[in-house]
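Structure below is model_35.pdb: PDB, C-alpha atoms, pLDDT in the B column.
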```pdb
MODEL        1
ATOM      1  CA  VAL X   1     -14.927 -18.129 -15.303  1.00 35.00           C
ATOM      2  CA  SER X   2     -13.206 -15.042 -16.668  1.00 39.00           C
ATOM      3  CA  SER X   3      -9.900 -15.526 -18.403  1.00 40.00           C
ATOM      4  CA  VAL X   4      -6.900 -13.487 -17.320  1.00 40.00           C
ATOM      5  CA  SER X   5      -4.748 -11.392 -19.637  1.00 41.00           C
ATOM      6  CA  ASN X   6      -0.970 -11.046 -19.462  1.00 40.00           C
ATOM      7  CA  THR X   7      -1.482  -7.924 -17.325  1.00 41.00           C
ATOM      8  CA  GLY X   8      -2.990 -10.031 -14.531  1.00 44.00           C
ATOM      9  CA  LEU X   9      -6.457  -8.463 -15.052  1.00 47.00           C
ATOM     10  CA  PRO X  10      -9.562 -10.288 -16.318  1.00 52.00           C
ATOM     11  CA  SER X  11      -9.491 -10.101 -20.122  1.00 54.00           C
ATOM     12  CA  SER X  12     -12.972  -8.522 -20.215  1.00 83.00           C
ATOM     13  CA  ARG X  13     -11.666  -5.505 -18.294  1.00 88.00           C
ATOM     14  CA  GLN X  14      -9.640  -2.454 -19.184  1.00 91.00           C
ATOM     15  CA  ARG X  15      -8.120  -0.306 -16.458  1.00 89.00           C
ATOM     16  CA  VAL X  16      -8.934   3.353 -17.117  1.00 90.00           C
ATOM     17  CA  THR X  17      -7.082   5.125 -14.298  1.00 88.00           C
ATOM     18  CA  ALA X  18      -3.295   5.171 -14.309  1.00 81.00           C
ATOM     19  CA  THR X  19      -2.966   5.886 -10.578  1.00 79.00           C
ATOM     20  CA  ARG X  20      -4.926   5.009  -7.479  1.00 82.00           C
ATOM     21  CA  LEU X  21      -7.908   7.088  -6.452  1.00 87.00           C
ATOM     22  CA  ARG X  22      -9.041   7.759  -2.902  1.00 88.00           C
ATOM     23  CA  GLY X  23     -12.648   7.331  -1.856  1.00 91.00           C
ATOM     24  CA  VAL X  24     -15.049   5.924   0.702  1.00 93.00           C
ATOM     25  CA  ILE X  25     -17.167   2.776   0.902  1.00 94.00           C
ATOM     26  CA  GLU X  26     -20.819   3.782   0.481  1.00 94.00           C
ATOM     27  CA  SER X  27     -22.189   0.304   1.214  1.00 93.00           C
ATOM     28  CA  TRP X  28     -20.853  -3.222   1.628  1.00 92.00           C
ATOM     29  CA  ASP X  29     -22.602  -6.538   2.288  1.00 92.00           C
ATOM     30  CA  GLY X  30     -19.482  -8.708   2.438  1.00 88.00           C
ATOM     31  CA  VAL X  31     -19.727  -9.679  -1.234  1.00 91.00           C
ATOM     32  CA  ASN X  32     -20.652  -6.551  -3.184  1.00 93.00           C
ATOM     33  CA  GLY X  33     -20.707  -2.845  -2.519  1.00 94.00           C
ATOM     34  CA  TRP X  34     -20.214   0.671  -3.838  1.00 95.00           C
ATOM     35  CA  VAL X  35     -17.274   3.077  -3.689  1.00 95.00           C
ATOM     36  CA  ARG X  36     -17.568   6.845  -4.000  1.00 93.00           C
ATOM     37  CA  PRO X  37     -14.360   8.679  -5.022  1.00 93.00           C
ATOM     38  CA  HIS X  38     -13.555  11.916  -3.211  1.00 91.00           C
ATOM     39  CA  GLN X  39     -13.471  13.637  -6.592  1.00 88.00           C
ATOM     40  CA  PRO X  40     -15.608  12.630  -9.618  1.00 85.00           C
ATOM     41  CA  VAL X  41     -13.592  10.744 -12.225  1.00 88.00           C
ATOM     42  CA  PRO X  42     -13.646  12.629 -15.562  1.00 86.00           C
ATOM     43  CA  ASN X  43     -13.872  11.327 -19.127  1.00 83.00           C
ATOM     44  CA  LEU X  44     -16.082   8.297 -18.466  1.00 85.00           C
ATOM     45  CA  GLY X  45     -18.768   9.166 -20.988  1.00 77.00           C
ATOM     46  CA  ALA X  46     -22.328   8.772 -19.687  1.00 74.00           C
ATOM     47  CA  HIS X  47     -20.999   7.532 -16.348  1.00 78.00           C
ATOM     48  CA  LYS X  48     -20.585  10.559 -14.098  1.00 75.00           C
ATOM     49  CA  GLY X  49     -17.628   9.024 -12.269  1.00 73.00           C
ATOM     50  CA  GLN X  50     -19.233   9.400  -8.863  1.00 84.00           C
ATOM     51  CA  LEU X  51     -20.034   5.822  -7.783  1.00 92.00           C
ATOM     52  CA  PHE X  52     -18.390   2.506  -8.690  1.00 94.00           C
ATOM     53  CA  CYS X  53     -19.423  -1.070  -7.980  1.00 94.00           C
ATOM     54  CA  LEU X  54     -17.011  -3.210  -5.973  1.00 95.00           C
ATOM     55  CA  HIS X  55     -16.871  -7.010  -5.718  1.00 94.00           C
ATOM     56  CA  ALA X  56     -15.161  -9.077  -3.035  1.00 92.00           C
ATOM     57  CA  GLN X  57     -12.672 -10.451  -5.587  1.00 90.00           C
ATOM     58  CA  ASP X  58     -11.404  -6.894  -6.109  1.00 91.00           C
ATOM     59  CA  VAL X  59     -10.610  -6.264  -2.431  1.00 89.00           C
ATOM     60  CA  LEU X  60      -7.001  -6.680  -1.277  1.00 82.00           C
ATOM     61  CA  PRO X  61      -5.818  -8.523   0.688  1.00 75.00           C
ATOM     62  CA  SER X  62      -8.430 -11.193  -0.026  1.00 77.00           C
ATOM     63  CA  GLY X  63     -11.068 -11.558   2.670  1.00 80.00           C
ATOM     64  CA  VAL X  64     -10.688  -8.095   4.197  1.00 81.00           C
ATOM     65  CA  GLU X  65     -13.985  -6.503   5.263  1.00 84.00           C
ATOM     66  CA  LEU X  66     -14.587  -2.903   4.187  1.00 87.00           C
ATOM     67  CA  PRO X  67     -17.404  -1.433   6.292  1.00 89.00           C
ATOM     68  CA  SER X  68     -19.450   1.535   5.143  1.00 90.00           C
ATOM     69  CA  GLY X  69     -17.503   4.741   5.683  1.00 91.00           C
ATOM     70  CA  CYS X  70     -14.107   3.021   5.292  1.00 90.00           C
ATOM     71  CA  GLU X  71     -11.509   5.096   3.432  1.00 88.00           C
ATOM     72  CA  VAL X  72     -10.009   3.189   0.498  1.00 88.00           C
ATOM     73  CA  THR X  73      -7.766   3.549  -2.535  1.00 86.00           C
ATOM     74  CA  PHE X  74      -8.578   1.830  -5.829  1.00 89.00           C
ATOM     75  CA  PHE X  75      -8.280   1.747  -9.608  1.00 89.00           C
ATOM     76  CA  VAL X  76     -11.226   2.147 -11.991  1.00 93.00           C
ATOM     77  CA  TYR X  77     -11.842  -0.374 -14.780  1.00 93.00           C
ATOM     78  CA  ARG X  78     -14.271  -0.639 -17.680  1.00 91.00           C
ATOM     79  CA  GLY X  79     -15.952  -4.032 -18.031  1.00 90.00           C
ATOM     80  CA  SER X  80     -18.806  -5.557 -19.982  1.00 88.00           C
ATOM     81  CA  ALA X  81     -21.269  -4.379 -17.314  1.00 86.00           C
ATOM     82  CA  GLY X  82     -19.840  -0.865 -17.009  1.00 89.00           C
ATOM     83  CA  PHE X  83     -17.298   0.778 -14.750  1.00 92.00           C
ATOM     84  CA  GLY X  84     -16.118  -0.611 -11.422  1.00 94.00           C
ATOM     85  CA  ALA X  85     -13.422  -0.458  -8.740  1.00 94.00           C
ATOM     86  CA  GLU X  86     -10.583  -2.965  -8.505  1.00 91.00           C
ATOM     87  CA  SER X  87      -7.428  -3.576  -6.459  1.00 86.00           C
ATOM     88  CA  CYS X  88      -9.228  -1.842  -3.589  1.00 89.00           C
ATOM     89  CA  ILE X  89      -7.390  -1.535  -0.276  1.00 85.00           C
ATOM     90  CA  ALA X  90      -8.281   0.129   3.004  1.00 82.00           C
ATOM     91  CA  TYR X  91      -6.585   3.478   3.383  1.00 75.00           C
ATOM     92  CA  LYS X  92      -5.344   4.767   6.668  1.00 60.00           C
ATOM     93  CA  SER X  93      -2.686   7.380   7.246  1.00 48.00           C
ATOM     94  CA  THR X  94       0.303   5.125   7.750  1.00 39.00           C
ATOM     95  CA  GLN X  95       2.753   7.978   7.876  1.00 38.00           C
ATOM     96  CA  LEU X  96       4.497   9.193  10.979  1.00 36.00           C
ATOM     97  CA  GLY X  97       4.442  12.971  10.966  1.00 36.00           C
ATOM     98  CA  PRO X  98       7.486  15.217  11.401  1.00 35.00           C
ATOM     99  CA  ALA X  99       8.860  15.385  14.918  1.00 32.00           C
ATOM    100  CA  ASN X 100       7.053  17.659  17.381  1.00 30.00           C
ATOM    101  CA  THR X 101       4.064  18.219  15.061  1.00 27.00           C
ATOM    102  CA  ARG X 102       1.666  15.621  16.442  1.00 31.00           C
ATOM    103  CA  ALA X 103       0.429  15.444  20.007  1.00 29.00           C
ATOM    104  CA  VAL X 104       0.914  12.157  21.804  1.00 29.00           C
ATOM    105  CA  THR X 105      -2.588  11.330  22.964  1.00 32.00           C
ATOM    106  CA  GLY X 106      -4.923   8.395  23.414  1.00 33.00           C
ATOM    107  CA  THR X 107      -3.943   4.763  23.674  1.00 33.00           C
ATOM    108  CA  SER X 108      -2.507   2.219  21.280  1.00 33.00           C
ATOM    109  CA  ARG X 109      -1.214  -1.313  21.136  1.00 34.00           C
ATOM    110  CA  GLY X 110       1.944  -0.061  22.780  1.00 37.00           C
ATOM    111  CA  GLY X 111       0.046   1.237  25.809  1.00 38.00           C
ATOM    112  CA  GLY X 112       0.425   4.940  24.983  1.00 37.00           C
ATOM    113  CA  GLY X 113       1.088   7.451  22.246  1.00 36.00           C
ATOM    114  CA  ASP X 114      -0.831   8.091  19.039  1.00 36.00           C
ATOM    115  CA  LEU X 115      -2.455   5.608  16.673  1.00 35.00           C
ATOM    116  CA  TYR X 116       0.849   3.911  15.900  1.00 36.00           C
ATOM    117  CA  GLY X 117       2.220   3.967  19.437  1.00 39.00           C
ATOM    118  CA  PRO X 118       4.885   6.262  20.895  1.00 42.00           C
ATOM    119  CA  ARG X 119       6.947   7.934  18.195  1.00 39.00           C
ATOM    120  CA  TRP X 120      10.146   6.029  17.619  1.00 38.00           C
ATOM    121  CA  GLU X 121      13.305   7.925  16.824  1.00 40.00           C
ATOM    122  CA  PRO X 122      16.422   6.070  15.613  1.00 40.00           C
ATOM    123  CA  SER X 123      19.379   6.372  17.948  1.00 40.00           C
ATOM    124  CA  TRP X 124      22.104   4.903  15.746  1.00 38.00           C
ATOM    125  CA  PRO X 125      24.614   7.039  13.837  1.00 41.00           C
ATOM    126  CA  GLU X 126      24.176   7.698  10.118  1.00 41.00           C
ATOM    127  CA  THR X 127      27.479   5.977   9.468  1.00 39.00           C
ATOM    128  CA  TRP X 128      26.200   2.585  10.666  1.00 39.00           C
ATOM    129  CA  ARG X 129      26.042   0.428   7.536  1.00 47.00           C
ATOM    130  CA  GLU X 130      24.885  -2.909   8.956  1.00 55.00           C
ATOM    131  CA  SER X 131      22.119  -4.333   6.777  1.00 60.00           C
ATOM    132  CA  GLY X 132      20.179  -7.495   5.975  1.00 67.00           C
ATOM    133  CA  PRO X 133      16.840  -9.138   6.797  1.00 72.00           C
ATOM    134  CA  ASP X 134      17.868 -10.344  10.276  1.00 77.00           C
ATOM    135  CA  LEU X 135      18.274  -6.969  12.010  1.00 82.00           C
ATOM    136  CA  PRO X 136      15.828  -6.119  14.832  1.00 88.00           C
ATOM    137  CA  ARG X 137      12.713  -4.484  13.370  1.00 88.00           C
ATOM    138  CA  LYS X 138       9.951  -2.153  14.440  1.00 90.00           C
ATOM    139  CA  ARG X 139       6.721  -2.045  12.408  1.00 91.00           C
ATOM    140  CA  VAL X 140       5.731   1.513  11.485  1.00 88.00           C
ATOM    141  CA  THR X 141       2.501   0.836   9.542  1.00 84.00           C
ATOM    142  CA  GLU X 142      -0.765  -0.791  10.531  1.00 78.00           C
ATOM    143  CA  THR X 143      -2.397  -1.089   7.109  1.00 78.00           C
ATOM    144  CA  ALA X 144      -0.825  -2.141   3.844  1.00 82.00           C
ATOM    145  CA  LEU X 145       0.703   0.344   1.428  1.00 85.00           C
ATOM    146  CA  CYS X 146       0.805  -0.062  -2.330  1.00 87.00           C
ATOM    147  CA  GLY X 147       3.912   0.433  -4.426  1.00 89.00           C
ATOM    148  CA  GLU X 148       5.839  -0.622  -7.510  1.00 90.00           C
ATOM    149  CA  VAL X 149       8.854  -2.921  -7.610  1.00 93.00           C
ATOM    150  CA  VAL X 150      11.434  -0.743  -9.337  1.00 93.00           C
ATOM    151  CA  GLU X 151      14.492  -2.960  -8.954  1.00 93.00           C
ATOM    152  CA  TRP X 152      15.249  -6.592  -8.169  1.00 93.00           C
ATOM    153  CA  SER X 153      18.597  -8.344  -8.026  1.00 89.00           C
ATOM    154  CA  GLY X 154      19.138 -11.837  -6.654  1.00 86.00           C
ATOM    155  CA  GLN X 155      17.536 -11.985  -3.213  1.00 88.00           C
ATOM    156  CA  HIS X 156      16.477  -8.384  -2.708  1.00 92.00           C
ATOM    157  CA  GLY X 157      15.057  -5.347  -4.417  1.00 93.00           C
ATOM    158  CA  TRP X 158      13.443  -1.932  -3.999  1.00 94.00           C
ATOM    159  CA  ILE X 159       9.846  -0.718  -3.895  1.00 93.00           C
ATOM    160  CA  GLN X 160       8.719   2.806  -4.742  1.00 91.00           C
ATOM    161  CA  PRO X 161       5.617   3.503  -2.619  1.00 90.00           C
ATOM    162  CA  GLU X 162       2.730   5.328  -4.277  1.00 85.00           C
ATOM    163  CA  GLU X 163       2.609   7.802  -1.393  1.00 81.00           C
ATOM    164  CA  ALA X 164       5.733   9.182   0.260  1.00 78.00           C
ATOM    165  CA  LEU X 165       6.264   8.322   3.901  1.00 80.00           C
ATOM    166  CA  GLU X 166       6.936  11.068   6.400  1.00 78.00           C
ATOM    167  CA  HIS X 167       9.403   9.280   8.640  1.00 83.00           C
ATOM    168  CA  PRO X 168      12.888  10.143   9.912  1.00 83.00           C
ATOM    169  CA  LEU X 169      14.382   7.423   7.693  1.00 86.00           C
ATOM    170  CA  ALA X 170      12.234   7.967   4.587  1.00 83.00           C
ATOM    171  CA  LYS X 171      14.604  10.459   2.922  1.00 81.00           C
ATOM    172  CA  ARG X 172      17.241   7.787   2.507  1.00 81.00           C
ATOM    173  CA  ARG X 173      17.375   5.834  -0.752  1.00 83.00           C
ATOM    174  CA  ARG X 174      15.294   8.448  -2.634  1.00 83.00           C
ATOM    175  CA  GLY X 175      12.196   7.297  -0.786  1.00 86.00           C
ATOM    176  CA  ARG X 176      12.511   3.709  -1.952  1.00 91.00           C
ATOM    177  CA  ILE X 177      11.784   0.822   0.431  1.00 93.00           C
ATOM    178  CA  TYR X 178      14.151  -2.149   0.700  1.00 94.00           C
ATOM    179  CA  VAL X 179      12.645  -5.625   0.334  1.00 94.00           C
ATOM    180  CA  HIS X 180      14.288  -9.004   0.863  1.00 93.00           C
ATOM    181  CA  GLY X 181      13.073 -12.191  -0.766  1.00 91.00           C
ATOM    182  CA  ARG X 182      12.230 -13.653   2.650  1.00 90.00           C
ATOM    183  CA  ASP X 183       9.517 -11.042   3.052  1.00 91.00           C
ATOM    184  CA  VAL X 184       7.801 -11.767  -0.271  1.00 91.00           C
ATOM    185  CA  GLN X 185       4.735 -13.956   0.222  1.00 86.00           C
ATOM    186  CA  SER X 186       5.087 -15.939  -2.991  1.00 83.00           C
ATOM    187  CA  LYS X 187       7.336 -18.643  -4.370  1.00 80.00           C
ATOM    188  CA  GLU X 188       8.604 -16.459  -7.194  1.00 85.00           C
ATOM    189  CA  ALA X 189      10.496 -13.178  -6.952  1.00 86.00           C
ATOM    190  CA  PRO X 190       8.386 -10.185  -7.992  1.00 87.00           C
ATOM    191  CA  GLU X 191       9.003  -8.760 -11.438  1.00 89.00           C
ATOM    192  CA  VAL X 192      10.187  -5.194 -11.939  1.00 91.00           C
ATOM    193  CA  GLY X 193       7.111  -3.092 -12.587  1.00 89.00           C
ATOM    194  CA  ALA X 194       4.816  -5.282 -10.485  1.00 89.00           C
ATOM    195  CA  LEU X 195       2.421  -3.600  -8.053  1.00 88.00           C
ATOM    196  CA  VAL X 196       2.614  -4.966  -4.526  1.00 89.00           C
ATOM    197  CA  LEU X 197       0.996  -4.466  -1.125  1.00 89.00           C
ATOM    198  CA  PHE X 198       3.316  -4.344   1.860  1.00 90.00           C
ATOM    199  CA  GLN X 199       3.868  -3.274   5.444  1.00 90.00           C
ATOM    200  CA  VAL X 200       6.798  -1.057   6.408  1.00 92.00           C
ATOM    201  CA  TYR X 201       9.295  -1.650   9.206  1.00 93.00           C
ATOM    202  CA  ALA X 202      12.323   0.280  10.400  1.00 91.00           C
ATOM    203  CA  ASP X 203      15.650  -1.144  11.431  1.00 88.00           C
ATOM    204  CA  SER X 204      19.158   0.218  11.868  1.00 85.00           C
ATOM    205  CA  SER X 205      19.737   0.391   8.101  1.00 85.00           C
ATOM    206  CA  GLY X 206      16.535   2.226   7.164  1.00 89.00           C
ATOM    207  CA  LEU X 207      13.027   1.315   6.067  1.00 93.00           C
ATOM    208  CA  GLY X 208      12.084  -2.095   4.719  1.00 92.00           C
ATOM    209  CA  ALA X 209       9.031  -3.903   3.374  1.00 93.00           C
ATOM    210  CA  GLU X 210       7.551  -7.052   4.880  1.00 92.00           C
ATOM    211  CA  GLU X 211       4.427  -9.135   4.277  1.00 90.00           C
ATOM    212  CA  VAL X 212       4.737  -8.313   0.580  1.00 91.00           C
ATOM    213  CA  PHE X 213       1.879  -9.517  -1.642  1.00 87.00           C
ATOM    214  CA  ALA X 214       1.067  -9.049  -5.320  1.00 82.00           C
ATOM    215  CA  SER X 215      -1.439  -6.194  -5.686  1.00 72.00           C
ATOM    216  CA  ALA X 216      -3.356  -7.496  -8.676  1.00 58.00           C
TER     217      ALA X 216
ENDMDL
END
```
Have the structure of the file written as C-alpha cells, please.
Amino acid sequence: VSSVSNTGLPSSRQRVTATRLRGVIESWDGVNGWVRPHQPVPNLGAHKGQLFCLHAQDVLPSGVELPSGCEVTFFVYRGSAGFGAESCIAYKSTQLGPANTRAVTGTSRGGGGDLYGPRWEPSWPETWRESGPDLPRKRVTETALCGEVVEWSGQHGWIQPEEALEHPLAKRRRGRIYVHGRDVQSKEAPEVGALVLFQVYADSSGLGAEEVFASA
C-alpha cells in the first residue's frame, strides 16, 4: 500500500503540471485506461506527453465511469512506473452562455431548453442582500467543477473556480463562489489552498457551491 505525503498524494509520485489539462479518454475498462491531452505536454523527457495511463483510484468522484471519448480534465504526475494522470474528472461545459447567444433547442430534465434546461434569469434587485444556506436554490451545473478554497472563516468560505463561469451572477464577488459548511461533504472544514470538486447553484444572493468534496 502506497504511503501518502503531506500533500495528499502518494509519496512515490510527484505532480508535474501546475494546472489542470484537458483531454479525452482513449480507452477505459473500468479499472485502467489511457488519457490523451488535447495538446502534448512539454518537458517530459523521453515521454512525448501524448498519452497517460489512468487508474480508477485517480478518477474523481470515486466510482465514476469514464467511457472512451469522454472529455476530462486532469493533472500529470511522475511515478516509479512513469508518467500518469491523476485527479481526473469528467469535463462538460457547465457554463451558461451570455443572454441571447445560445439557441434554446432540444430537451432536458426540465422538459425544454438547452442541455441545462431553460435559461434562468434572476428577477430580484441588486440591492437585495438576503443570504445564507437556506435560501431557495437552482442548480446551474450538471458535472462537478474544480476550484481552490481561497478563504474560510467559521462556517463559510469562498472557492475560486479554475474556469470562470459565464452566468449573470458570476461577476459578483470577483468570480468567487460562496460555500457554507453544510455543503461540505466531510467532517472537517476545508483548509485554505485545498482543491475541491463542487456543483454550483444560484440563489437570490448569488452563486454558491454544494456537494463539495476534496479533489485529491
Residue contacts of Arg13 in chain X (7 Å, all atoms listed in the file) excluding same-chain residues fewer than 5 positions away, as an mmCIF file with C-alpha atoms, in the frame of the given file:
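Printed below is around26.cif as written:
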```
data_model
loop_
_atom_site.group_PDB
_atom_site.id
_atom_site.type_symbol
_atom_site.label_atom_id
_atom_site.label_comp_id
_atom_site.auth_asym_id
_atom_site.auth_seq_id
_atom_site.Cartn_x
_atom_site.Cartn_y
_atom_site.Cartn_z
ATOM 1 C CA TYR X 77 -11.842 -0.374 -14.780
ATOM 2 C CA ARG X 78 -14.271 -0.639 -17.680
ATOM 3 C CA GLY X 79 -15.952 -4.032 -18.031
#
```
Query raised in the report: Hey, what's within 8 Å of Pro190 in chain X if we count only C-alpha atoms and toss same-chain stuff fewer than 3 positions away? As number ranges by chain, please?
Result: X: 149, 152, 184, 194, 214
Query - Residue contacts of Lys48 in chain X (12 Å, only C-alpha atoms) excluding same-chain residues fewer than 5 positions away, as a ChimeraX atom specification - result: /X:36-37,39-43,82-83
If you keep C-alpha atoms, can you produce a file of those selected residues as a PDB file, in the coordinates of the input?
```
ATOM      1  CA  ARG X  36     -17.568   6.845  -4.000  1.00 93.00           C
ATOM      2  CA  PRO X  37     -14.360   8.679  -5.022  1.00 93.00           C
ATOM      3  CA  GLN X  39     -13.471  13.637  -6.592  1.00 88.00           C
ATOM      4  CA  PRO X  40     -15.608  12.630  -9.618  1.00 85.00           C
ATOM      5  CA  VAL X  41     -13.592  10.744 -12.225  1.00 88.00           C
ATOM      6  CA  PRO X  42     -13.646  12.629 -15.562  1.00 86.00           C
ATOM      7  CA  ASN X  43     -13.872  11.327 -19.127  1.00 83.00           C
ATOM      8  CA  GLY X  82     -19.840  -0.865 -17.009  1.00 89.00           C
ATOM      9  CA  PHE X  83     -17.298   0.778 -14.750  1.00 92.00           C
TER      10      PHE X  83
END
```
Query - Distance in Å - CA of Phe213 in chain X versus CA of Tyr201 in chain X - result: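 CA of Phe213 in chain X sits 15.3 Å away from CA of Tyr201 in chain X.
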**Report entry** Proximity to Trp34 in chain X - best of X:Leu21, X:Ala209, X:Ala46, X:Ala85, only C-alpha atoms
**Finding:** X:Ala85
Report task. Give the answer as one residue: which of X:Ala56, X:Gly63, X:Thr19, X:Tyr91 has the shortest atom-to-atom distance to Phe75 in chain X, using only C-alpha atoms? Result -> X:Thr19
Query - All residues 10 Å or closer to Gly193 in chain X, all atoms listed in the file, same chain fewer than 5 positions away omitted, as number ranges by chain - result: X: 147-152, 159-160
Report task. Compute the distance from (14.4, -16.2, 5.4) to each atom, counting all atoms listed in the file, keep the residues with any atom at most 9 Å away, and return them as number ranges by chain; use the coordinates of the file. Result -> X: 133-134, 180-183
Report task. Mind checking which residues fall within 9 Å of Glu211 in chain X, counting all atoms listed in the file, ignoring those fewer than 5 positions away in the same chain, and posting them as number ranges by chain? Result -> X: 144, 183-185, 197-200
Requested in this report: State, in Å with one decimal place, the distance from CA of Val196 in chain X to CA of Ala90 in chain X.
Outcome: 14.2 Å
Query raised in the report: Counting all atoms listed in the file, which of X:Val72, X:Val212, X:Arg15, X:Ala170 gets nearest to Gly157 in chain X?
Result: X:Val212
Query - Residue members of the PyMOL selection byres ((chain X and resi 28) around 7) in the file shown, as a ChimeraX atom specification - result: /X:27,29-30,32-34,66-68
Query - For CA of Glu142 in chain X and CA of Phe52 in chain X, the interatomic separation in Å (one decimal) - result: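 We find that CA of Glu142 in chain X and CA of Phe52 in chain X lie 26.3 Å from each other.
With distances restricted to all atoms listed in the file, X:Arg172 is the closest residue to Ser205 in chain X from X:Ser80, X:His55, X:His156, X:Arg172.
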**Report entry** X:Cys146, X:Ser62, X:Ala189, X:Gly206 ranked by distance to Lys171 in chain X, top pick (using all atoms listed in the file)
**Finding:** X:Gly206
Report summary line: Closest of X:Ile25, X:Val35, X:Leu145, X:Val179 to Glu163 in chain X, counting only C-alpha atoms, is X:Leu145
